[in-house]
Amino acid sequence: MRILFLSQLVPYPADAGPKVRSLHVLQYLVSAGHDVTLVAFQRPNDTPESLAYLKSLCSDVHTVMMHRSKVKDAYFFAKSLISNEPFLIARDLVPEMEQLIKGLAMQSQFDAVHADQLWMAPYALKIKDYVLNPPKFVLDQHNAVYLVPERMAGNTSNPLKKWVLGLEGKKMAKYEIDTCIDFDDVVWVTNEDRQALKAVANGTADMITGPTIPICVDPTVKQSIDRKRNGRRVTFLGGLHWPPNAEGMVWFYESVWPKILQEAPDALLTVIGKNPPVELAEDDGKTNLEVTGYVDDPVPFLEETAVFIVPLHSGGGMRVKIIDGWSWGLPIVSTTVGAEGVGYSDQKDIYIADTASDFAERIVDLLNNPEKAAILAQEGRTTVETRFDWHKTYKAWDAIYG
C-alpha cells in the first residue's frame with residue numbers, strides 16, 4: 001500500500017517515547033513492503049543526519065519547521081479559553097503543514113493516511129476535503145490525551161491551575177471522542193486508554209473501538225547494561241519539559257528522597273533529561289542530587305544505577321522509560337500510573353509503590369539487596385524480549401494495512 005505517514009516529531013533518533021513508537025512502526029511498515037511517505041514537524045535541534053536516515057528508510061520525506069514561543073502559546077491559550085478547541089491541539093495547527101499535506105494528497109493517490117498521535121489527526125481528516133476518493137484513515141493513539149490535564153488537575157492544590165487543567169481535560173475528551181469516531185481505524189497503545197475514553201463517551205462509547213498494539217523496542221539493539229555491583233545511583237531518565245515527568249520528579253525529590261537518605265545516606269539521586277524544573281536545582285551537593293540535563297549517552301550513569309525510578313502520578317499511554325529500563329536490565333520502582341499499560345507483574349519484574357513511604361521502602365530494599373535487584377532486572381529483560389520486541393509484536397499492524 002501507499003501510505004502517507006504524518007508525525008508530530010521527526011522520529012529519529014528514538015530518544016523519547018513518541019519517537020520510539022513512530023520509528024519502529026515506520027520500520028515495520030517499510031519491512032512489510034509498504035511504500036511510505038513521511039511528513040513530520042521538524043524542530044531546530046533535528047539534524048541533517050536524522051533526516052538522512054529517514055530518507056533512506058522512506059520513499060519520500062517532507063518536513064515543516066515547528067516554531068513555538070511563549071507569545072504564541074499565550075495567544076492560543078486565550079483563544080482556547082473562549083472556544084471549544086483544546087489548547088494542546090490549537091497551538092500545533094500550522095498553515096504550512098496543512099498546505100504541504102494538501103499538495104501531497106492532491107498530487108498522489110495514497111491508499112492510507114496514518115496519523116501518528118492525536119496532534120496529526122486534524123491534518124489527516126482535512127484530506128477528505130481535497131480528494132474525490134478518500135484513502136483509508138488510521139489514527140495511532142499513543143495515549144488518551146485528556147487524561148494528562150485531568151490527572152494533573154487532580155494533583156494540584158492551586159485553584160486556578162485546577163480549573164484551567166480541568167477545563168482543558170473536558171475539552172480534550174470531547175475532541176478526542178469526536179476525532180476517533182471520524183477515523184476508519186484507531187489503534188491503541190493500551191487497553192486502559194481505550195477504556196478510559198469509552199467511559200466518558202456516553203452515547204458514542206460503542207464507537208470507540210480498535211485493536212491494541214503496545215509500544216515496542218528492539219532488544220537486539222538495546223542490550224542489557226553491565227551494571228557495577230557497588231552502584232548507588234537512583235536514576236530518573238526522561239524529558240522534564242513534559243509536565244507529568246516534572247510533576248512526578250518534584251514529588252519524588254520533596255516527599256520520597258528525604259526518607260531514602262535517612263536509611264541510605266550514600267545514595268545519589270541522578271536526574272537525566274532536558275529542562276529540569278527549578279525545584280530540582282542542585283543544592284551544593286548537600287542533598288545527594290545530580291541533575292545532568294539532556295545527555296547524548298546515558299550509559300555511564302546507568303552502569304552505576306542501583307534503582308531506576310518512574311514516579312509519575314499523571315499522564316497516559318505507556319511509559320517507554322519502563323520498556324527501556326527493562327531492556328537495559330535495570331531494577332525498576334514505579335507508581336501504578338507510571339507503569340500503566342505495560343502488563344507488569346508486581347514484585348516479579350517491577351516494584352509498584354504509590355505512597356512516599358512505600359516508594360522509599362522499595363528503593364531502600366533494592367539498594368540493600370543487590371541480589372534481589374538483579375533478579376528483578378533479569379525478569380524485566382525477559383518481559384521485553386517476550387512481549388515488546390517490535391519485530392514480533394508489530395505483525396499485528398498487518399490487520400490494519402494488509
# chains A, B, ... in the order shown; residues from 1 in each chain; ligands from 1
$ residues_around --residues "range 2-14 of chain A" --least-positions-apart "4" --cutoff "8 Å" --atoms "only C-alpha atoms" --output "NGL selection string"
:A and (18-20 or 22-23 or 34-43 or 46 or 50-51 or 53-54 or 109-117 or 119-120 or 124)
$ residues_around --residues "Pro244 in chain A" --least-positions-apart "4" --cutoff "8 Å" --atoms "only C-alpha atoms" --output "PyMOL selection string"
chain A and resi 148+152+248+312-315
$ write_last_selection --atoms "N, CA, C and O atoms" --output "PDB file, in the first residue's frame"
ATOM      1  N   VAL A 148      -4.142  13.473  30.672  1.00  0.00           N
ATOM      2  CA  VAL A 148      -2.985  14.234  31.147  1.00  0.00           C
ATOM      3  C   VAL A 148      -3.427  15.475  31.925  1.00  0.00           C
ATOM      4  O   VAL A 148      -3.088  15.613  33.108  1.00  0.00           O
ATOM      5  N   MET A 152      -3.521  15.881  36.125  1.00  0.00           N
ATOM      6  CA  MET A 152      -2.745  16.972  36.698  1.00  0.00           C
ATOM      7  C   MET A 152      -3.638  17.912  37.508  1.00  0.00           C
ATOM      8  O   MET A 152      -3.216  18.445  38.536  1.00  0.00           O
ATOM      9  N   GLY A 248       6.112  14.541  38.634  1.00  0.00           N
ATOM     10  CA  GLY A 248       6.476  13.322  39.347  1.00  0.00           C
ATOM     11  C   GLY A 248       7.824  13.428  40.033  1.00  0.00           C
ATOM     12  O   GLY A 248       7.994  12.964  41.181  1.00  0.00           O
ATOM     13  N   LEU A 312       5.594   8.704  38.429  1.00  0.00           N
ATOM     14  CA  LEU A 312       4.570   9.544  37.806  1.00  0.00           C
ATOM     15  C   LEU A 312       3.205   9.364  38.463  1.00  0.00           C
ATOM     16  O   LEU A 312       2.847   8.263  38.880  1.00  0.00           O
ATOM     17  N   HIS A 313       2.459  10.470  38.507  1.00  0.00           N
ATOM     18  CA  HIS A 313       1.093  10.449  39.022  1.00  0.00           C
ATOM     19  C   HIS A 313       0.088  10.965  38.003  1.00  0.00           C
ATOM     20  O   HIS A 313      -1.106  11.066  38.302  1.00  0.00           O
ATOM     21  N   SER A 314       0.559  11.328  36.833  1.00  0.00           N
ATOM     22  CA  SER A 314      -0.345  11.756  35.758  1.00  0.00           C
ATOM     23  C   SER A 314       0.264  11.331  34.434  1.00  0.00           C
ATOM     24  O   SER A 314       1.371  10.805  34.380  1.00  0.00           O
ATOM     25  N   GLY A 315      -0.492  11.578  33.355  1.00  0.00           N
ATOM     26  CA  GLY A 315      -0.050  11.135  32.035  1.00  0.00           C
ATOM     27  C   GLY A 315      -0.988  10.066  31.511  1.00  0.00           C
ATOM     28  O   GLY A 315      -2.000   9.722  32.132  1.00  0.00           O
TER      29      GLY A 315
END
$ select_by_dssp --residues "range 151-313 of chain A" --states "strand (DSSP E or B)" --output "MDAnalysis selection string"
chainID A and resid 185:188 212 217 233:237 268:272 289:293 305:310
$ write_last_selection --atoms "C-alpha atoms" --output "PDB file, in the first residue's frame"
ATOM      1  CA  ASP A 185      -9.300   2.547  12.239  1.00  0.00           C
ATOM      2  CA  VAL A 186      -7.931   3.597  15.623  1.00  0.00           C
ATOM      3  CA  VAL A 187      -5.003   1.676  17.092  1.00  0.00           C
ATOM      4  CA  TRP A 188      -4.456   1.983  20.835  1.00  0.00           C
ATOM      5  CA  THR A 212      -4.264  -2.580  20.994  1.00  0.00           C
ATOM      6  CA  VAL A 217      11.631  -1.594  21.163  1.00  0.00           C
ATOM      7  CA  ARG A 233      22.557   5.842  41.880  1.00  0.00           C
ATOM      8  CA  VAL A 234      18.778   6.167  41.977  1.00  0.00           C
ATOM      9  CA  THR A 235      18.142   7.284  38.423  1.00  0.00           C
ATOM     10  CA  PHE A 236      15.343   9.012  36.535  1.00  0.00           C
ATOM     11  CA  LEU A 237      15.585   9.454  32.769  1.00  0.00           C
ATOM     12  CA  LEU A 268      22.766   9.565  44.859  1.00  0.00           C
ATOM     13  CA  LEU A 269      19.698  10.825  43.020  1.00  0.00           C
ATOM     14  CA  THR A 270      20.513  11.276  39.319  1.00  0.00           C
ATOM     15  CA  VAL A 271      18.020  13.154  37.139  1.00  0.00           C
ATOM     16  CA  ILE A 272      18.653  12.929  33.393  1.00  0.00           C
ATOM     17  CA  LEU A 289      21.396  15.258  43.950  1.00  0.00           C
ATOM     18  CA  GLU A 290      22.858  15.308  40.439  1.00  0.00           C
ATOM     19  CA  VAL A 291      20.869  16.998  37.667  1.00  0.00           C
ATOM     20  CA  THR A 292      22.544  16.407  34.299  1.00  0.00           C
ATOM     21  CA  GLY A 293      20.110  17.881  31.784  1.00  0.00           C
ATOM     22  CA  THR A 305      22.387   2.718  38.699  1.00  0.00           C
ATOM     23  CA  ALA A 306      21.081   0.629  41.561  1.00  0.00           C
ATOM     24  CA  VAL A 307      17.413   1.559  41.027  1.00  0.00           C
ATOM     25  CA  PHE A 308      15.599   3.098  38.050  1.00  0.00           C
ATOM     26  CA  ILE A 309      12.512   5.131  39.033  1.00  0.00           C
ATOM     27  CA  VAL A 310       9.247   6.131  37.347  1.00  0.00           C
TER      28      VAL A 310
END
$ residues_around --residues "Leu197 in chain A" --least-positions-apart "3" --cutoff "12 Å" --atoms "only C-alpha atoms" --output "mmCIF file with C-alpha atoms, in the first residue's frame"
data_model
loop_
_atom_site.group_PDB
_atom_site.id
_atom_site.type_symbol
_atom_site.label_atom_id
_atom_site.label_comp_id
_atom_site.auth_asym_id
_atom_site.auth_seq_id
_atom_site.Cartn_x
_atom_site.Cartn_y
_atom_site.Cartn_z
ATOM 1 C CA GLN A 141 -3.447 6.786 19.654
ATOM 2 C CA ASN A 143 -2.400 7.784 24.765
ATOM 3 C CA ALA A 144 -5.755 9.085 25.924
ATOM 4 C CA VAL A 145 -4.594 12.701 25.891
ATOM 5 C CA TYR A 146 -7.437 14.065 28.014
ATOM 6 C CA LEU A 147 -6.117 12.071 30.975
ATOM 7 C CA GLY A 169 -9.325 17.959 30.110
ATOM 8 C CA LYS A 170 -13.049 18.271 29.368
ATOM 9 C CA MET A 172 -9.815 17.386 25.085
ATOM 10 C CA ALA A 173 -12.076 14.459 25.982
ATOM 11 C CA LYS A 174 -14.828 15.705 23.655
ATOM 12 C CA TYR A 175 -12.335 16.471 20.897
ATOM 13 C CA GLU A 176 -10.727 13.058 21.273
ATOM 14 C CA ILE A 177 -14.031 11.200 21.121
ATOM 15 C CA ASP A 178 -15.221 13.088 18.027
ATOM 16 C CA THR A 179 -11.868 12.575 16.304
ATOM 17 C CA CYS A 180 -11.634 8.833 16.970
ATOM 18 C CA ILE A 181 -15.107 8.325 15.537
ATOM 19 C CA TRP A 188 -4.456 1.983 20.835
ATOM 20 C CA THR A 190 -3.001 0.427 25.879
ATOM 21 C CA ASN A 191 -6.369 -1.109 26.689
ATOM 22 C CA GLU A 192 -6.581 1.275 29.638
ATOM 23 C CA ASP A 193 -6.616 4.305 27.330
ATOM 24 C CA ARG A 194 -9.385 2.905 25.143
ATOM 25 C CA VAL A 200 -16.534 9.432 29.071
ATOM 26 C CA ALA A 201 -18.030 8.873 25.611
ATOM 27 C CA ASN A 202 -21.631 8.476 26.841
ATOM 28 C CA THR A 204 -20.977 7.025 21.496
ATOM 29 C CA ALA A 205 -18.979 4.626 23.684
ATOM 30 C CA ASP A 206 -19.672 1.683 21.355
ATOM 31 C CA MET A 207 -17.910 3.598 18.553
ATOM 32 C CA ILE A 208 -14.616 3.822 20.496
ATOM 33 C CA THR A 209 -13.085 0.618 19.150
ATOM 34 C CA GLY A 316 -1.480 8.485 29.738
ATOM 35 C CA GLY A 317 -0.434 5.734 27.376
#
$ closest_atom_pairs --of "range 94-129 of chain A" --to "range 82-90 of chain A" --cutoff "9 Å" --atoms "only C-alpha atoms" --output "Markdown table"
| residue | atom | partner | partner_atom | distance |
| --- | --- | --- | --- | --- |
| A:Val94 | CA | A:Ala90 | CA | 8.9 |
| A:Leu118 | CA | A:Ile89 | CA | 8.2 |
| A:Trp119 | CA | A:Ile89 | CA | 6.0 |
| A:Pro122 | CA | A:Ile89 | CA | 8.9 |
$ residues_around --residues "Pro370 in chain A" --least-positions-apart "5" --cutoff "12 Å" --atoms "only C-alpha atoms" --output "PyMOL selection string"
chain A and resi 227-232+305-307+330-331+363-365+375-377
$ write_last_selection --atoms "N, CA and C atoms" --output "PDB file, in the first residue's frame"
ATOM      1  N   ARG A 227      25.929  -3.588  34.820  1.00  0.00           N
ATOM      2  CA  ARG A 227      25.898  -2.657  35.957  1.00  0.00           C
ATOM      3  C   ARG A 227      27.001  -2.974  36.963  1.00  0.00           C
ATOM      4  N   LYS A 228      27.538  -1.909  37.546  1.00  0.00           N
ATOM      5  CA  LYS A 228      28.537  -2.060  38.598  1.00  0.00           C
ATOM      6  C   LYS A 228      27.844  -2.466  39.891  1.00  0.00           C
ATOM      7  N   ARG A 229      28.397  -3.448  40.549  1.00  0.00           N
ATOM      8  CA  ARG A 229      27.752  -4.017  41.728  1.00  0.00           C
ATOM      9  C   ARG A 229      27.616  -3.006  42.860  1.00  0.00           C
ATOM     10  N   ASN A 230      28.549  -2.076  42.975  1.00  0.00           N
ATOM     11  CA  ASN A 230      28.517  -1.118  44.084  1.00  0.00           C
ATOM     12  C   ASN A 230      27.845   0.202  43.714  1.00  0.00           C
ATOM     13  N   GLY A 231      27.103   0.231  42.605  1.00  0.00           N
ATOM     14  CA  GLY A 231      26.426   1.460  42.199  1.00  0.00           C
ATOM     15  C   GLY A 231      25.391   1.898  43.225  1.00  0.00           C
ATOM     16  N   ARG A 232      25.287   3.185  43.462  1.00  0.00           N
ATOM     17  CA  ARG A 232      24.329   3.709  44.448  1.00  0.00           C
ATOM     18  C   ARG A 232      23.426   4.768  43.836  1.00  0.00           C
ATOM     19  N   THR A 305      23.751   2.610  38.175  1.00  0.00           N
ATOM     20  CA  THR A 305      22.387   2.718  38.699  1.00  0.00           C
ATOM     21  C   THR A 305      22.003   1.479  39.485  1.00  0.00           C
ATOM     22  N   ALA A 306      21.572   1.714  40.714  1.00  0.00           N
ATOM     23  CA  ALA A 306      21.081   0.629  41.561  1.00  0.00           C
ATOM     24  C   ALA A 306      19.579   0.452  41.402  1.00  0.00           C
ATOM     25  N   VAL A 307      18.870   1.585  41.188  1.00  0.00           N
ATOM     26  CA  VAL A 307      17.413   1.559  41.027  1.00  0.00           C
ATOM     27  C   VAL A 307      17.016   2.605  39.993  1.00  0.00           C
ATOM     28  N   LEU A 330      17.632  -3.038  34.188  1.00  0.00           N
ATOM     29  CA  LEU A 330      17.667  -2.245  35.418  1.00  0.00           C
ATOM     30  C   LEU A 330      16.493  -2.623  36.312  1.00  0.00           C
ATOM     31  N   PRO A 331      16.692  -2.710  37.613  1.00  0.00           N
ATOM     32  CA  PRO A 331      15.571  -2.906  38.537  1.00  0.00           C
ATOM     33  C   PRO A 331      14.770  -1.611  38.640  1.00  0.00           C
ATOM     34  N   ILE A 363      12.780   1.264  47.319  1.00  0.00           N
ATOM     35  CA  ILE A 363      14.103   1.645  46.818  1.00  0.00           C
ATOM     36  C   ILE A 363      15.193   1.221  47.800  1.00  0.00           C
ATOM     37  N   VAL A 364      14.975   1.470  49.079  1.00  0.00           N
ATOM     38  CA  VAL A 364      15.966   1.085  50.093  1.00  0.00           C
ATOM     39  C   VAL A 364      16.170  -0.428  50.088  1.00  0.00           C
ATOM     40  N   ASP A 365      15.090  -1.168  49.894  1.00  0.00           N
ATOM     41  CA  ASP A 365      15.184  -2.630  49.832  1.00  0.00           C
ATOM     42  C   ASP A 365      16.109  -3.067  48.704  1.00  0.00           C
ATOM     43  N   ILE A 375      17.716 -10.090  40.203  1.00  0.00           N
ATOM     44  CA  ILE A 375      16.628 -10.981  39.771  1.00  0.00           C
ATOM     45  C   ILE A 375      15.491 -10.175  39.170  1.00  0.00           C
ATOM     46  N   LEU A 376      15.139  -9.072  39.826  1.00  0.00           N
ATOM     47  CA  LEU A 376      14.081  -8.196  39.321  1.00  0.00           C
ATOM     48  C   LEU A 376      14.439  -7.677  37.926  1.00  0.00           C
ATOM     49  N   ALA A 377      15.692  -7.267  37.767  1.00  0.00           N
ATOM     50  CA  ALA A 377      16.145  -6.734  36.483  1.00  0.00           C
ATOM     51  C   ALA A 377      16.100  -7.790  35.388  1.00  0.00           C
TER      52      ALA A 377
END
$ closest_residue --among "A:Asp218, A:Gly239, A:Gly341, A:Arg91" --to "Val71 in chain A" --atoms "only C-alpha atoms"
A:Arg91
$ atom_distance --atom1 "CA of Lys222 in chain A" --atom2 "CA of Val299 in chain A"
11.0 Å
$ atom_distance --atom1 "CA of Val131 in chain A" --atom2 "CA of His62 in chain A"
19.9 Å
$ residues_around --residues "His391 in chain A" --least-positions-apart "2" --cutoff "9 Å" --atoms "only C-alpha atoms" --output "PyMOL selection string"
chain A and resi 24+28+216-218+388-389+393-395
$ write_last_selection --atoms "C-alpha atoms" --output "tab-separated table (two decimals), in the first residue's frame"
chain	number	residue	atom	x	y	z
A	24	HIS	CA	9.54	1.25	14.88
A	28	TYR	CA	7.80	-2.32	10.32
A	216	CYS	CA	7.85	-1.86	21.38
A	217	VAL	CA	11.63	-1.59	21.16
A	218	ASP	CA	14.44	-3.52	19.50
A	388	PHE	CA	7.85	-5.90	23.48
A	389	ASP	CA	10.09	-6.79	20.52
A	393	THR	CA	4.65	-7.80	18.03
A	394	TYR	CA	4.22	-5.34	15.17
A	395	LYS	CA	2.99	-8.05	12.85
$ residues_around --residues "Gln262 in chain A" --least-positions-apart "4" --cutoff "12 Å" --atoms "only C-alpha atoms" --output "list in words"
Val256, Trp257, Pro258, Asp266, Ala267, Thr287, Asn288, Ser357, Ala360, Glu361 and Val364 of chain A
$ write_last_selection --atoms "C-alpha atoms" --output "PDB file, in the first residue's frame"
ATOM      1  CA  VAL A 256      10.393  10.433  48.892  1.00  0.00           C
ATOM      2  CA  TRP A 257      14.074  11.312  48.683  1.00  0.00           C
ATOM      3  CA  PRO A 258      14.460  12.575  52.296  1.00  0.00           C
ATOM      4  CA  ASP A 266      25.240   7.373  50.453  1.00  0.00           C
ATOM      5  CA  ALA A 267      22.567   7.087  47.741  1.00  0.00           C
ATOM      6  CA  THR A 287      21.063  16.616  49.110  1.00  0.00           C
ATOM      7  CA  ASN A 288      22.926  13.919  47.161  1.00  0.00           C
ATOM      8  CA  SER A 357       6.715   5.814  52.336  1.00  0.00           C
ATOM      9  CA  ALA A 360      11.143   4.898  49.660  1.00  0.00           C
ATOM     10  CA  GLU A 361      10.887   1.455  51.272  1.00  0.00           C
ATOM     11  CA  VAL A 364      15.966   1.085  50.093  1.00  0.00           C
TER      12      VAL A 364
END
$ closest_residue --among "A:Ala153, A:Met1, A:Leu240, A:Ala52" --to "Ala32 in chain A" --atoms "only C-alpha atoms"
A:Met1
$ select_by_dssp --residues "range 96-176 of chain A" --states "alpha helix (DSSP H)" --output "PyMOL selection string"
chain A and resi 96-107+121-126+147-154+159-176
$ decode --residues "range 239-264 of chain A" --atoms "N, CA, C and O atoms" --output "mmCIF file, in the first residue's frame"
data_model
loop_
_atom_site.group_PDB
_atom_site.id
_atom_site.type_symbol
_atom_site.label_atom_id
_atom_site.label_comp_id
_atom_site.auth_asym_id
_atom_site.auth_seq_id
_atom_site.Cartn_x
_atom_site.Cartn_y
_atom_site.Cartn_z
ATOM 1 N N GLY A 239 12.296 13.306 29.481
ATOM 2 C CA GLY A 239 12.183 14.737 29.189
ATOM 3 C C GLY A 239 11.377 15.459 30.260
ATOM 4 O O GLY A 239 10.193 15.186 30.445
ATOM 5 N N LEU A 240 12.013 16.397 30.956
ATOM 6 C CA LEU A 240 11.347 17.104 32.042
ATOM 7 C C LEU A 240 10.565 18.313 31.558
ATOM 8 O O LEU A 240 9.962 19.022 32.361
ATOM 9 N N HIS A 241 10.581 18.539 30.238
ATOM 10 C CA HIS A 241 9.688 19.531 29.650
ATOM 11 C C HIS A 241 8.252 19.005 29.633
ATOM 12 O O HIS A 241 7.307 19.780 29.503
ATOM 13 N N TRP A 242 8.098 17.678 29.743
ATOM 14 C CA TRP A 242 6.781 17.049 29.770
ATOM 15 C C TRP A 242 6.239 17.170 31.189
ATOM 16 O O TRP A 242 6.811 16.613 32.135
ATOM 17 N N PRO A 243 5.137 17.914 31.393
ATOM 18 C CA PRO A 243 4.663 18.218 32.743
ATOM 19 C C PRO A 243 4.504 17.015 33.670
ATOM 20 O O PRO A 243 4.886 17.106 34.847
ATOM 21 N N PRO A 244 3.952 15.858 33.220
ATOM 22 C CA PRO A 244 3.854 14.724 34.144
ATOM 23 C C PRO A 244 5.207 14.256 34.683
ATOM 24 O O PRO A 244 5.304 13.845 35.845
ATOM 25 N N ASN A 245 6.263 14.313 33.845
ATOM 26 C CA ASN A 245 7.594 13.933 34.322
ATOM 27 C C ASN A 245 8.092 14.911 35.383
ATOM 28 O O ASN A 245 8.616 14.503 36.424
ATOM 29 N N ALA A 246 7.951 16.203 35.095
ATOM 30 C CA ALA A 246 8.410 17.216 36.049
ATOM 31 C C ALA A 246 7.631 17.124 37.356
ATOM 32 O O ALA A 246 8.212 17.175 38.446
ATOM 33 N N GLU A 247 6.336 16.991 37.253
ATOM 34 C CA GLU A 247 5.478 16.870 38.435
ATOM 35 C C GLU A 247 5.888 15.669 39.284
ATOM 36 O O GLU A 247 6.011 15.756 40.520
ATOM 37 N N GLY A 248 6.112 14.541 38.634
ATOM 38 C CA GLY A 248 6.476 13.322 39.347
ATOM 39 C C GLY A 248 7.824 13.428 40.033
ATOM 40 O O GLY A 248 7.994 12.964 41.181
ATOM 41 N N MET A 249 8.795 14.052 39.367
ATOM 42 C CA MET A 249 10.122 14.159 39.966
ATOM 43 C C MET A 249 10.152 15.158 41.120
ATOM 44 O O MET A 249 10.901 14.977 42.090
ATOM 45 N N VAL A 250 9.377 16.223 41.042
ATOM 46 C CA VAL A 250 9.300 17.161 42.166
ATOM 47 C C VAL A 250 8.704 16.451 43.384
ATOM 48 O O VAL A 250 9.183 16.597 44.514
ATOM 49 N N TRP A 251 7.643 15.662 43.159
ATOM 50 C CA TRP A 251 7.051 14.877 44.257
ATOM 51 C C TRP A 251 8.087 13.938 44.856
ATOM 52 O O TRP A 251 8.227 13.839 46.075
ATOM 53 N N PHE A 252 8.834 13.252 44.005
ATOM 54 C CA PHE A 252 9.821 12.293 44.496
ATOM 55 C C PHE A 252 10.904 12.997 45.309
ATOM 56 O O PHE A 252 11.272 12.546 46.408
ATOM 57 N N TYR A 253 11.417 14.096 44.795
ATOM 58 C CA TYR A 253 12.521 14.801 45.455
ATOM 59 C C TYR A 253 12.087 15.375 46.806
ATOM 60 O O TYR A 253 12.838 15.312 47.789
ATOM 61 N N GLU A 254 10.872 15.902 46.843
ATOM 62 C CA GLU A 254 10.418 16.555 48.062
ATOM 63 C C GLU A 254 9.840 15.587 49.088
ATOM 64 O O GLU A 254 10.002 15.785 50.297
ATOM 65 N N SER A 255 9.186 14.514 48.634
ATOM 66 C CA SER A 255 8.455 13.643 49.552
ATOM 67 C C SER A 255 9.111 12.283 49.787
ATOM 68 O O SER A 255 8.938 11.696 50.857
ATOM 69 N N VAL A 256 9.830 11.781 48.790
ATOM 70 C CA VAL A 256 10.393 10.433 48.892
ATOM 71 C C VAL A 256 11.879 10.465 49.223
ATOM 72 O O VAL A 256 12.351 9.704 50.087
ATOM 73 N N TRP A 257 12.626 11.323 48.556
ATOM 74 C CA TRP A 257 14.074 11.312 48.683
ATOM 75 C C TRP A 257 14.570 11.516 50.118
ATOM 76 O O TRP A 257 15.488 10.807 50.561
ATOM 77 N N PRO A 258 14.003 12.436 50.905
ATOM 78 C CA PRO A 258 14.460 12.575 52.296
ATOM 79 C C PRO A 258 14.313 11.285 53.104
ATOM 80 O O PRO A 258 15.165 10.979 53.945
ATOM 81 N N LYS A 259 13.280 10.509 52.842
ATOM 82 C CA LYS A 259 13.078 9.241 53.551
ATOM 83 C C LYS A 259 14.158 8.226 53.166
ATOM 84 O O LYS A 259 14.629 7.448 54.002
ATOM 85 N N ILE A 260 14.557 8.232 51.898
ATOM 86 C CA ILE A 260 15.596 7.311 51.435
ATOM 87 C C ILE A 260 16.936 7.654 52.086
ATOM 88 O O ILE A 260 17.677 6.770 52.541
ATOM 89 N N LEU A 261 17.251 8.951 52.147
ATOM 90 C CA LEU A 261 18.538 9.361 52.713
ATOM 91 C C LEU A 261 18.650 9.019 54.191
ATOM 92 O O LEU A 261 19.764 8.840 54.704
ATOM 93 N N GLN A 262 17.537 8.934 54.871
ATOM 94 C CA GLN A 262 17.580 8.526 56.281
ATOM 95 C C GLN A 262 18.090 7.103 56.424
ATOM 96 O O GLN A 262 18.766 6.764 57.405
ATOM 97 N N GLU A 263 17.777 6.253 55.461
ATOM 98 C CA GLU A 263 18.176 4.840 55.514
ATOM 99 C C GLU A 263 19.417 4.545 54.680
ATOM 100 O O GLU A 263 20.139 3.585 54.965
ATOM 101 N N ALA A 264 19.636 5.336 53.637
ATOM 102 C CA ALA A 264 20.770 5.099 52.736
ATOM 103 C C ALA A 264 21.440 6.439 52.420
ATOM 104 O O ALA A 264 21.265 6.990 51.331
#
